Structures are given as C-alpha cells and as structure tokens.
$ cat my_file-v3.pdb   # PDB, C-alpha atoms, pLDDT in the B column
ATOM      1  CA  MET Y  18    -159.475  -1.945  87.105  1.00 42.00           C
ATOM      2  CA  SER Y  19    -161.331   1.335  87.628  1.00 55.00           C
ATOM      3  CA  ILE Y  20    -163.176   3.200  90.358  1.00 68.00           C
ATOM      4  CA  ASN Y  21    -166.885   2.579  90.781  1.00 80.00           C
ATOM      5  CA  ARG Y  22    -169.640   4.850  89.538  1.00 81.00           C
ATOM      6  CA  ILE Y  23    -170.893   6.324  92.817  1.00 85.00           C
ATOM      7  CA  LYS Y  24    -167.346   7.219  93.890  1.00 85.00           C
ATOM      8  CA  LEU Y  25    -166.577   8.868  90.543  1.00 85.00           C
ATOM      9  CA  TYR Y  26    -169.772  10.934  90.591  1.00 86.00           C
ATOM     10  CA  ALA Y  27    -169.123  11.981  94.200  1.00 87.00           C
ATOM     11  CA  ILE Y  28    -165.568  13.081  93.365  1.00 86.00           C
ATOM     12  CA  LEU Y  29    -166.772  14.999  90.302  1.00 87.00           C
ATOM     13  CA  LEU Y  30    -169.590  16.732  92.185  1.00 89.00           C
ATOM     14  CA  ILE Y  31    -167.338  17.693  95.114  1.00 88.00           C
ATOM     15  CA  ALA Y  32    -164.709  18.989  92.665  1.00 87.00           C
ATOM     16  CA  CYS Y  33    -167.297  21.045  90.771  1.00 88.00           C
ATOM     17  CA  LEU Y  34    -168.757  22.442  94.001  1.00 89.00           C
ATOM     18  CA  ALA Y  35    -165.294  23.356  95.286  1.00 87.00           C
ATOM     19  CA  GLY Y  36    -164.576  24.923  91.905  1.00 86.00           C
ATOM     20  CA  TYR Y  37    -167.698  27.076  92.017  1.00 88.00           C
ATOM     21  CA  ILE Y  38    -166.991  28.243  95.595  1.00 88.00           C
ATOM     22  CA  TRP Y  39    -163.390  28.969  94.585  1.00 85.00           C
ATOM     23  CA  LEU Y  40    -164.585  30.953  91.540  1.00 84.00           C
ATOM     24  CA  PHE Y  41    -167.061  32.936  93.645  1.00 85.00           C
ATOM     25  CA  TYR Y  42    -164.347  34.027  96.086  1.00 84.00           C
ATOM     26  CA  GLY Y  43    -161.863  34.568  93.262  1.00 80.00           C
ATOM     27  CA  MET Y  44    -164.336  36.824  91.467  1.00 80.00           C
ATOM     28  CA  LYS Y  45    -165.016  38.836  94.636  1.00 81.00           C
ATOM     29  CA  LYS Y  46    -161.296  39.338  95.255  1.00 78.00           C
ATOM     30  CA  LEU Y  47    -160.562  40.120  91.592  1.00 75.00           C
ATOM     31  CA  HIS Y  48    -163.164  42.873  91.503  1.00 75.00           C
ATOM     32  CA  SER Y  49    -162.195  44.421  94.840  1.00 77.00           C
ATOM     33  CA  GLU Y  50    -158.384  44.077  94.796  1.00 74.00           C
ATOM     34  CA  GLY Y  51    -157.541  43.347  91.155  1.00 69.00           C
ATOM     35  CA  ASN Y  52    -155.893  39.944  91.699  1.00 70.00           C
ATOM     36  CA  THR Y  53    -156.832  36.391  92.729  1.00 69.00           C
ATOM     37  CA  PHE Y  54    -155.554  34.059  95.451  1.00 72.00           C
ATOM     38  CA  GLU Y  55    -152.448  32.033  94.664  1.00 73.00           C
ATOM     39  CA  VAL Y  56    -152.320  28.607  96.279  1.00 74.00           C
ATOM     40  CA  CYS Y  57    -150.152  26.757  93.756  1.00 76.00           C
ATOM     41  CA  LEU Y  58    -147.531  24.702  95.628  1.00 73.00           C
ATOM     42  CA  ILE Y  59    -145.072  24.696  92.723  1.00 76.00           C
ATOM     43  CA  LYS Y  60    -145.276  28.437  92.213  1.00 78.00           C
ATOM     44  CA  HIS Y  61    -144.786  29.180  95.898  1.00 78.00           C
ATOM     45  CA  THR Y  62    -141.794  26.875  96.301  1.00 79.00           C
ATOM     46  CA  THR Y  63    -139.955  27.336  92.999  1.00 81.00           C
ATOM     47  CA  ASN Y  64    -141.331  30.664  91.703  1.00 81.00           C
ATOM     48  CA  ILE Y  65    -142.029  28.955  88.359  1.00 82.00           C
ATOM     49  CA  PRO Y  66    -145.688  28.737  87.291  1.00 82.00           C
ATOM     50  CA  CYS Y  67    -147.077  25.203  86.870  1.00 82.00           C
ATOM     51  CA  PRO Y  68    -148.863  24.002  83.691  1.00 82.00           C
ATOM     52  CA  SER Y  69    -152.263  24.923  85.086  1.00 82.00           C
ATOM     53  CA  CYS Y  70    -151.366  28.215  86.750  1.00 82.00           C
ATOM     54  CA  GLY Y  71    -153.712  30.949  85.593  1.00 81.00           C
ATOM     55  CA  SER Y  72    -156.734  28.746  84.946  1.00 83.00           C
ATOM     56  CA  THR Y  73    -158.709  30.645  87.623  1.00 83.00           C
ATOM     57  CA  ARG Y  74    -157.934  33.949  85.910  1.00 83.00           C
ATOM     58  CA  SER Y  75    -158.735  32.354  82.569  1.00 85.00           C
ATOM     59  CA  VAL Y  76    -162.163  31.113  83.718  1.00 85.00           C
ATOM     60  CA  LEU Y  77    -162.877  34.489  85.344  1.00 83.00           C
ATOM     61  CA  SER Y  78    -162.118  36.388  82.125  1.00 84.00           C
ATOM     62  CA  LEU Y  79    -164.331  33.898  80.301  1.00 84.00           C
ATOM     63  CA  ILE Y  80    -167.141  34.804  82.724  1.00 84.00           C
ATOM     64  CA  ASP Y  81    -166.435  38.480  82.059  1.00 81.00           C
ATOM     65  CA  GLY Y  82    -167.011  37.746  78.373  1.00 83.00           C
ATOM     66  CA  ASP Y  83    -163.450  37.890  77.065  1.00 81.00           C
ATOM     67  CA  PRO Y  84    -162.658  34.497  75.499  1.00 81.00           C
ATOM     68  CA  LEU Y  85    -159.516  35.784  73.734  1.00 84.00           C
ATOM     69  CA  LYS Y  86    -158.000  36.941  77.011  1.00 82.00           C
ATOM     70  CA  ALA Y  87    -158.976  33.593  78.559  1.00 81.00           C
ATOM     71  CA  LEU Y  88    -157.191  31.793  75.725  1.00 83.00           C
ATOM     72  CA  TYR Y  89    -154.142  33.994  76.185  1.00 84.00           C
ATOM     73  CA  ILE Y  90    -153.863  33.547  79.975  1.00 83.00           C
ATOM     74  CA  ASN Y  91    -154.203  29.760  79.920  1.00 84.00           C
ATOM     75  CA  PRO Y  92    -156.072  27.632  77.337  1.00 85.00           C
ATOM     76  CA  PHE Y  93    -156.634  25.004  80.061  1.00 85.00           C
ATOM     77  CA  GLY Y  94    -159.108  27.422  81.657  1.00 84.00           C
ATOM     78  CA  ILE Y  95    -161.521  26.822  78.785  1.00 86.00           C
ATOM     79  CA  ILE Y  96    -161.279  23.044  79.261  1.00 87.00           C
ATOM     80  CA  VAL Y  97    -161.843  23.422  83.013  1.00 87.00           C
ATOM     81  CA  ALA Y  98    -164.803  25.756  82.436  1.00 87.00           C
ATOM     82  CA  SER Y  99    -166.467  23.363  79.991  1.00 89.00           C
ATOM     83  CA  ILE Y 100    -165.946  20.411  82.359  1.00 88.00           C
ATOM     84  CA  MET Y 101    -167.447  22.427  85.225  1.00 87.00           C
ATOM     85  CA  LEU Y 102    -170.459  23.366  83.091  1.00 88.00           C
ATOM     86  CA  ILE Y 103    -171.130  19.958  81.548  1.00 89.00           C
ATOM     87  CA  THR Y 104    -170.474  17.472  84.410  1.00 88.00           C
ATOM     88  CA  PRO Y 105    -173.205  18.513  86.906  1.00 88.00           C
ATOM     89  CA  VAL Y 106    -175.840  18.501  84.129  1.00 90.00           C
ATOM     90  CA  TRP Y 107    -174.603  15.151  82.841  1.00 89.00           C
ATOM     91  CA  ILE Y 108    -174.629  13.595  86.333  1.00 87.00           C
ATOM     92  CA  LEU Y 109    -178.161  14.913  86.893  1.00 88.00           C
ATOM     93  CA  PHE Y 110    -179.227  13.420  83.566  1.00 88.00           C
ATOM     94  CA  ASP Y 111    -177.683  10.067  84.570  1.00 85.00           C
ATOM     95  CA  ILE Y 112    -179.409  10.083  87.967  1.00 87.00           C
ATOM     96  CA  ILE Y 113    -182.814  10.964  86.511  1.00 89.00           C
ATOM     97  CA  THR Y 114    -182.708   8.459  83.645  1.00 88.00           C
ATOM     98  CA  LYS Y 115    -180.884   5.833  85.785  1.00 84.00           C
ATOM     99  CA  LYS Y 116    -178.282   5.282  83.073  1.00 83.00           C
ATOM    100  CA  LYS Y 117    -174.503   5.399  83.351  1.00 83.00           C
ATOM    101  CA  THR Y 118    -173.541   7.281  80.216  1.00 86.00           C
ATOM    102  CA  LEU Y 119    -171.004   9.554  81.970  1.00 86.00           C
ATOM    103  CA  PHE Y 120    -169.313   6.607  83.663  1.00 85.00           C
ATOM    104  CA  ASN Y 121    -169.018   4.728  80.367  1.00 87.00           C
ATOM    105  CA  PHE Y 122    -167.717   7.868  78.679  1.00 88.00           C
ATOM    106  CA  TYR Y 123    -165.111   8.309  81.449  1.00 87.00           C
ATOM    107  CA  ARG Y 124    -163.874   4.741  81.050  1.00 86.00           C
ATOM    108  CA  GLN Y 125    -163.744   5.036  77.258  1.00 88.00           C
ATOM    109  CA  THR Y 126    -161.764   8.277  77.578  1.00 88.00           C
ATOM    110  CA  GLU Y 127    -159.323   6.586  79.969  1.00 86.00           C
ATOM    111  CA  ILE Y 128    -158.742   3.775  77.476  1.00 89.00           C
ATOM    112  CA  VAL Y 129    -158.141   6.279  74.653  1.00 89.00           C
ATOM    113  CA  LEU Y 130    -155.810   8.398  76.807  1.00 87.00           C
ATOM    114  CA  LYS Y 131    -153.704   5.347  77.694  1.00 86.00           C
ATOM    115  CA  LYS Y 132    -152.767   4.752  74.046  1.00 89.00           C
ATOM    116  CA  PRO Y 133    -149.097   5.775  73.672  1.00 88.00           C
ATOM    117  CA  LYS Y 134    -149.684   7.955  70.588  1.00 91.00           C
ATOM    118  CA  VAL Y 135    -152.431   9.954  72.254  1.00 89.00           C
ATOM    119  CA  SER Y 136    -150.632  10.296  75.580  1.00 87.00           C
ATOM    120  CA  ILE Y 137    -147.346  11.425  74.002  1.00 91.00           C
ATOM    121  CA  LEU Y 138    -149.198  14.042  71.951  1.00 91.00           C
ATOM    122  CA  LEU Y 139    -151.014  15.330  75.044  1.00 89.00           C
ATOM    123  CA  ILE Y 140    -147.817  15.392  77.134  1.00 89.00           C
ATOM    124  CA  VAL Y 141    -146.162  17.499  74.412  1.00 91.00           C
ATOM    125  CA  VAL Y 142    -149.160  19.868  74.405  1.00 90.00           C
ATOM    126  CA  VAL Y 143    -148.966  20.211  78.203  1.00 88.00           C
ATOM    127  CA  LEU Y 144    -145.205  20.854  78.043  1.00 89.00           C
ATOM    128  CA  ILE Y 145    -145.595  23.512  75.332  1.00 90.00           C
ATOM    129  CA  ASN Y 146    -148.309  25.191  77.388  1.00 87.00           C
ATOM    130  CA  TRP Y 147    -146.041  25.037  80.441  1.00 87.00           C
ATOM    131  CA  ILE Y 148    -143.149  26.677  78.560  1.00 88.00           C
ATOM    132  CA  TRP Y 149    -145.573  29.320  77.312  1.00 87.00           C
ATOM    133  CA  ASN Y 150    -146.737  29.865  80.918  1.00 83.00           C
ATOM    134  CA  ILE Y 151    -143.144  30.386  82.060  1.00 85.00           C
ATOM    135  CA  THR Y 152    -142.358  32.839  79.264  1.00 86.00           C
ATOM    136  CA  LYS Y 153    -145.595  34.764  80.000  1.00 79.00           C
ATOM    137  CA  GLU Y 154    -144.539  34.922  83.676  1.00 71.00           C
ATOM    138  CA  LEU Y 155    -148.053  34.224  84.972  1.00 68.00           C
TER     139      LEU Y 155
ATOM    140  CA  MET U  16    -151.511 -25.433  95.173  1.00 77.00           C
ATOM    141  CA  GLU U  17    -148.762 -26.441  97.572  1.00 82.00           C
ATOM    142  CA  ALA U  18    -148.534 -24.410 100.751  1.00 83.00           C
ATOM    143  CA  GLN U  19    -144.801 -23.949 100.249  1.00 87.00           C
ATOM    144  CA  LYS U  20    -145.247 -22.284  96.846  1.00 84.00           C
ATOM    145  CA  VAL U  21    -148.050 -20.073  98.133  1.00 85.00           C
ATOM    146  CA  ASP U  22    -146.016 -18.961 101.132  1.00 87.00           C
ATOM    147  CA  MET U  23    -143.101 -18.145  98.857  1.00 86.00           C
ATOM    148  CA  PHE U  24    -145.396 -15.985  96.730  1.00 86.00           C
ATOM    149  CA  ILE U  25    -146.781 -14.234  99.830  1.00 87.00           C
ATOM    150  CA  MET U  26    -143.266 -13.596 101.152  1.00 88.00           C
ATOM    151  CA  THR U  27    -142.074 -11.953  97.949  1.00 87.00           C
ATOM    152  CA  ASN U  28    -145.256 -10.077  97.063  1.00 87.00           C
ATOM    153  CA  GLY U  29    -146.919  -9.437 100.423  1.00 85.00           C
ATOM    154  CA  LYS U  30    -145.819  -5.804 100.506  1.00 87.00           C
ATOM    155  CA  TYR U  31    -147.862  -5.022  97.392  1.00 90.00           C
ATOM    156  CA  PHE U  32    -151.197  -5.712  99.125  1.00 89.00           C
ATOM    157  CA  GLU U  33    -153.176  -4.557 102.146  1.00 88.00           C
ATOM    158  CA  SER U  34    -152.642  -6.837 105.138  1.00 87.00           C
ATOM    159  CA  HIS U  35    -156.273  -8.012 105.228  1.00 88.00           C
ATOM    160  CA  GLN U  36    -156.069  -8.901 101.533  1.00 87.00           C
ATOM    161  CA  VAL U  37    -152.983 -11.082 102.033  1.00 89.00           C
ATOM    162  CA  VAL U  38    -154.987 -13.641 104.051  1.00 89.00           C
ATOM    163  CA  GLN U  39    -157.673 -13.742 101.375  1.00 87.00           C
ATOM    164  CA  ILE U  40    -155.113 -14.105  98.577  1.00 87.00           C
ATOM    165  CA  ARG U  41    -153.384 -16.931 100.449  1.00 88.00           C
ATOM    166  CA  GLU U  42    -156.626 -18.867 100.848  1.00 87.00           C
ATOM    167  CA  ARG U  43    -157.530 -18.447  97.188  1.00 86.00           C
ATOM    168  CA  LEU U  44    -154.068 -19.508  96.056  1.00 85.00           C
ATOM    169  CA  LEU U  45    -154.194 -22.668  98.191  1.00 86.00           C
ATOM    170  CA  LEU U  46    -157.464 -23.672  96.513  1.00 85.00           C
ATOM    171  CA  MET U  47    -156.157 -22.910  93.044  1.00 83.00           C
ATOM    172  CA  ASP U  48    -154.989 -25.334  90.396  1.00 83.00           C
ATOM    173  CA  ASP U  49    -151.230 -25.838  90.012  1.00 82.00           C
ATOM    174  CA  SER U  50    -151.344 -24.972  86.290  1.00 82.00           C
ATOM    175  CA  LYS U  51    -151.903 -21.285  87.074  1.00 81.00           C
ATOM    176  CA  TRP U  52    -148.683 -20.995  89.089  1.00 83.00           C
ATOM    177  CA  GLY U  53    -146.670 -19.792  86.092  1.00 82.00           C
ATOM    178  CA  LEU U  54    -149.191 -17.083  85.316  1.00 83.00           C
ATOM    179  CA  ILE U  55    -149.295 -15.918  88.940  1.00 84.00           C
ATOM    180  CA  GLN U  56    -145.497 -15.767  89.062  1.00 84.00           C
ATOM    181  CA  THR U  57    -145.219 -13.529  86.002  1.00 85.00           C
ATOM    182  CA  LEU U  58    -147.631 -10.855  87.265  1.00 85.00           C
ATOM    183  CA  GLN U  59    -145.967  -7.460  87.700  1.00 87.00           C
ATOM    184  CA  PHE U  60    -147.130  -5.340  90.624  1.00 89.00           C
ATOM    185  CA  LYS U  61    -146.591  -1.640  91.280  1.00 90.00           C
ATOM    186  CA  ASP U  62    -144.570  -0.733  94.350  1.00 91.00           C
ATOM    187  CA  PRO U  63    -146.525   1.499  96.797  1.00 91.00           C
ATOM    188  CA  THR U  64    -143.284   3.149  97.966  1.00 92.00           C
ATOM    189  CA  THR U  65    -142.372   4.202  94.434  1.00 92.00           C
ATOM    190  CA  SER U  66    -145.789   5.752  93.925  1.00 91.00           C
ATOM    191  CA  LEU U  67    -145.393   7.608  97.238  1.00 92.00           C
ATOM    192  CA  ILE U  68    -142.086   9.088  96.043  1.00 93.00           C
ATOM    193  CA  VAL U  69    -143.661  10.078  92.719  1.00 92.00           C
ATOM    194  CA  SER U  70    -146.603  11.568  94.615  1.00 91.00           C
ATOM    195  CA  LEU U  71    -144.309  13.668  96.798  1.00 89.00           C
ATOM    196  CA  LEU U  72    -142.383  14.977  93.794  1.00 87.00           C
ATOM    197  CA  GLY U  73    -144.932  15.200  90.988  1.00 84.00           C
ATOM    198  CA  GLY U  74    -148.210  15.025  92.875  1.00 84.00           C
ATOM    199  CA  SER U  75    -149.467  18.443  91.861  1.00 83.00           C
ATOM    200  CA  LEU U  76    -149.090  17.474  88.200  1.00 86.00           C
ATOM    201  CA  GLY U  77    -151.052  14.248  88.780  1.00 86.00           C
ATOM    202  CA  ILE U  78    -148.143  12.040  87.699  1.00 89.00           C
ATOM    203  CA  ASP U  79    -148.761   9.616  90.606  1.00 89.00           C
ATOM    204  CA  ARG U  80    -152.320   8.971  89.427  1.00 89.00           C
ATOM    205  CA  PHE U  81    -151.213   8.511  85.827  1.00 89.00           C
ATOM    206  CA  MET U  82    -148.606   6.021  87.021  1.00 89.00           C
ATOM    207  CA  ILE U  83    -151.016   3.706  88.845  1.00 89.00           C
ATOM    208  CA  GLY U  84    -153.451   3.823  85.914  1.00 86.00           C
ATOM    209  CA  ASP U  85    -156.058   6.327  87.128  1.00 85.00           C
ATOM    210  CA  THR U  86    -155.730   8.421  83.985  1.00 86.00           C
ATOM    211  CA  GLY U  87    -159.000  10.289  84.464  1.00 86.00           C
ATOM    212  CA  LEU U  88    -158.141  11.399  87.997  1.00 86.00           C
ATOM    213  CA  GLY U  89    -154.641  12.273  86.799  1.00 88.00           C
ATOM    214  CA  VAL U  90    -156.020  14.661  84.212  1.00 87.00           C
ATOM    215  CA  GLY U  91    -158.226  16.176  86.903  1.00 87.00           C
ATOM    216  CA  LYS U  92    -155.227  16.735  89.154  1.00 86.00           C
ATOM    217  CA  LEU U  93    -153.152  18.185  86.332  1.00 87.00           C
ATOM    218  CA  LEU U  94    -155.819  20.659  85.249  1.00 85.00           C
ATOM    219  CA  THR U  95    -156.510  21.913  88.769  1.00 83.00           C
ATOM    220  CA  CYS U  96    -152.847  22.093  89.843  1.00 81.00           C
ATOM    221  CA  GLY U  97    -153.266  19.133  92.204  1.00 81.00           C
ATOM    222  CA  GLY U  98    -156.731  20.202  93.329  1.00 79.00           C
ATOM    223  CA  MET U  99    -155.365  23.583  94.442  1.00 80.00           C
ATOM    224  CA  GLY U 100    -152.677  21.730  96.385  1.00 80.00           C
ATOM    225  CA  ILE U 101    -155.210  20.131  98.737  1.00 84.00           C
ATOM    226  CA  TRP U 102    -155.822  16.976  96.729  1.00 85.00           C
ATOM    227  CA  ALA U 103    -152.063  16.633  96.183  1.00 86.00           C
ATOM    228  CA  ILE U 104    -151.494  16.619  99.949  1.00 88.00           C
ATOM    229  CA  ILE U 105    -154.403  14.205 100.566  1.00 88.00           C
ATOM    230  CA  ASP U 106    -152.905  11.884  97.947  1.00 88.00           C
ATOM    231  CA  TRP U 107    -149.596  11.731  99.809  1.00 90.00           C
ATOM    232  CA  PHE U 108    -151.526   9.643 102.329  1.00 92.00           C
ATOM    233  CA  MET U 109    -153.942   7.924  99.920  1.00 89.00           C
ATOM    234  CA  ILE U 110    -151.655   6.885  97.086  1.00 90.00           C
ATOM    235  CA  MET U 111    -150.084   3.858  98.799  1.00 91.00           C
ATOM    236  CA  GLY U 112    -153.509   2.399  99.556  1.00 89.00           C
ATOM    237  CA  ALA U 113    -154.680   3.205  96.034  1.00 90.00           C
ATOM    238  CA  THR U 114    -151.669   1.409  94.550  1.00 92.00           C
ATOM    239  CA  ARG U 115    -152.384  -1.671  96.684  1.00 91.00           C
ATOM    240  CA  GLU U 116    -156.009  -1.622  95.519  1.00 89.00           C
ATOM    241  CA  LYS U 117    -154.807  -1.549  91.912  1.00 89.00           C
ATOM    242  CA  ASN U 118    -152.511  -4.528  92.586  1.00 89.00           C
ATOM    243  CA  MET U 119    -155.421  -6.381  94.174  1.00 89.00           C
ATOM    244  CA  ALA U 120    -157.595  -5.710  91.125  1.00 88.00           C
ATOM    245  CA  LYS U 121    -154.814  -7.079  88.949  1.00 87.00           C
ATOM    246  CA  ILE U 122    -154.367 -10.328  90.891  1.00 88.00           C
ATOM    247  CA  GLN U 123    -158.126 -10.772  91.158  1.00 86.00           C
ATOM    248  CA  GLN U 124    -158.353 -11.150  87.386  1.00 85.00           C
ATOM    249  CA  VAL U 125    -156.241 -14.306  87.735  1.00 83.00           C
ATOM    250  CA  LEU U 126    -157.650 -15.551  91.046  1.00 80.00           C
ATOM    251  CA  TYR U 127    -161.347 -15.563  90.091  1.00 77.00           C
TER     252      TYR U 127
END
$ encode --input "my_file-v3.pdb" --output "structure tokens"
Amino acid sequence: MSINRIKLYAILLIACLAGYIWLFYGMKKLHSEGNTFEVCLIKHTTNIPCPSCGSTRSVLSLIDGDPLKALYINPFGIIVASIMLITPVWILFDIITKKKTLFNFYRQTEIVLKKPKVSILLIVVVLINWIWNITKEL
Amino acid sequence: MEAQKVDMFIMTNGKYFESHQVVQIRERLLLMDDSKWGLIQTLQFKDPTTSLIVSLLGGSLGIDRFMIGDTGLGVGKLLTCGGMGIWAIIDWFMIMGATREKNMAKIQQVLY
C-alpha cells in the first residue's frame, strides 16, 4: 500500500536537489534585489498567502544566522531546512550500509500521521500557521 | 467463480482500475473460490475523478495525496507549496493513475 524504496529515494533526492538550486538562486536574488521569487499559485491567483508561503525566506534567514527571524517568517522553514539537511545524508548512509532505515522510518511516520488524533492536531497547527501567515501579510 | 458474477463486478468497478489491470483482475476472479465473493463485493474503492477534482482545487496543499493515502508525499507537497506549483501541476495528470494504483493494491490484498 506504499511506494517502493527506490522511487521514494529518487523523489527525495530530486526534491532536495531542486530545493538547493532554488535556494542558491533565491539567495542571489535576495542579496542583489532584496526580495525572492514568488511562484506560489495560491498567492498569485487569490492574493492570500498559502500555509507554506515564506518558507524560502525563512530558510534563507536561517542560513544568514537569524533563527528568530526564520521562526517569525514561517516556522515551516525550519522543518524544511532540517529535512533538506538530514535526508541526503540519511540516503547516503542507507546506500552505503545497504539498509533501508529511512524507508522504514517513512512508513512508520505515515502510519502515525494517519491516526485521527495526530492528523487533527497537525491540521489545526497548519491552519493556525496559515491564519498567522495571512495576518502577517507575507 | 461464475463468469456472470465476475463480469458484474468488472462492469461496476472497472473504472477504478487501469485497463490492463482489468483483464488480470478478471482472470484472477474467475479462478477464485466462491466464498470470497462477499469480501470482494464489500471493498470500497476511491474514484479517480474525485481525486482529480480535489487535485485541481487543493493540489498545492497536498490534499489529493492525503486523500489517496500517500501521507508522506502529501506532507511534502504541503510544506513546499505544491512543489513550487510544478509538482501540483504534474499531479493533475498523475493523480488519476496513482488512485488506480492504490485501488489495485487494495484488491490485490484479497486476490492473492
């Protein structure tokens, strides 16, 4: 009932690579023009920021060594940054030792996330963060 | 199982699977014992069209992926705003196939 290991690792690696390229260009633009690209579909069509709007800016301020600002812009940025840091190392570890610890961890996490109590709690957190995003006018 | 029963099942549920899978499912069902008919009948499948609608509306929040049971990918889509919009658009075309794959995985647990 889940995707296979190779596919998952490929998706994660491509996502991380795209993320790093995106960050590199975002950083260049932020330092030369003072803002980053905005590609968010929701923000462009409705003018309301989506729950994850501002995570690029958040990760960039984390790189600049300002965790408080990162937390203020969008706390999701810290989650994204930690995923981007941990996954490539973890995949490399799995490939070298020929184990599937990340895959097992992913499946365990999926099972935990599907429990109603956990998912309702997380949905509420996402909604609160979204409302906060709208009031901050990201 | 009787061919009539199997064909009735295929007629009502054929739209939930890829066309090449339907042939395979039919063959397996014909070989299967009659006692499993009740179980097969009660299986609930997800409609690919519904997931396409959800994908069009809530794709950049990953709701489509949550709906078909890919929680991990859903979280990924949510955190990256639908993969910067690109993944959300790709999923408009992928989600129907993905839903059918999920349905196939579900029926396979009974078939084999």
$ closest_residue --input "my_file-v3.pdb" --among "U:Lys51, U:Arg43, U:Lys30, U:Lys20" --to "Gly112 (chain U)" --atoms "all atoms listed in the file"
U:Lys30
$ residues_around --input "my_file-v3.pdb" --residues "region 64-71 of chain Y" --least-positions-apart "6" --cutoff "12 Å" --atoms "all atoms listed in the file" --output "VMD selection string"
(chain Y and resid 43 52 to 58 77 to 78 86 to 97 140 to 155) or (chain U and resid 73 to 77 90 to 100)
$ resolve_selection --input "my_file-v3.pdb" --expression "the PyMOL selection byres ((chain U and resi 63) around 9)" --output "PyMOL selection string"
chain U and resi 30-32+61-62+64-68+110-115
$ resolve_selection --input "my_file-v3.pdb" --expression "the PyMOL selection byres ((chain Y and resi 32-37) around 12)" --output "PyMOL selection string"
(chain Y and resi 25-31+38-44+72-73+76-77+94+97-106+108) or (chain U and resi 88+91-92+94-95+97-99+101-102)
$ resolve_selection --input "my_file-v3.pdb" --expression "the PyMOL selection byres ((chain U and resi 16-18) around 9)" --output "list in words"
Gln19, Lys20, Val21, Asp22, Met23, Arg41, Leu44, Leu45, Leu46, Met47, Asp48, Asp49, Ser50 and Trp52 of chain U
$ closest_residue --input "my_file-v3.pdb" --among "U:Asn118, U:Thr86, U:Gln39, U:Thr27" --to "Gln59 (chain U)" --atoms "all atoms listed in the file"
U:Asn118
$ atom_distance --input "my_file-v3.pdb" --atom1 "CA of Glu127 (chain Y)" --atom2 "CA of Gly87 (chain U)"
5.8 Å
$ residues_near_point --input "my_file-v3.pdb" --point "(-164.9, 5.4, 81.0)" --cutoff "12 Å" --atoms "all atoms listed in the file" --output "ChimeraX atom specification"
/Y:18-22,25,117-131 /U:85-88
$ closest_residue --input "my_file-v3.pdb" --among "Y:Ile59, Y:Pro133, Y:His48, Y:Lys24" --to "chain U" --atoms "only C-alpha atoms"
Y:Ile59
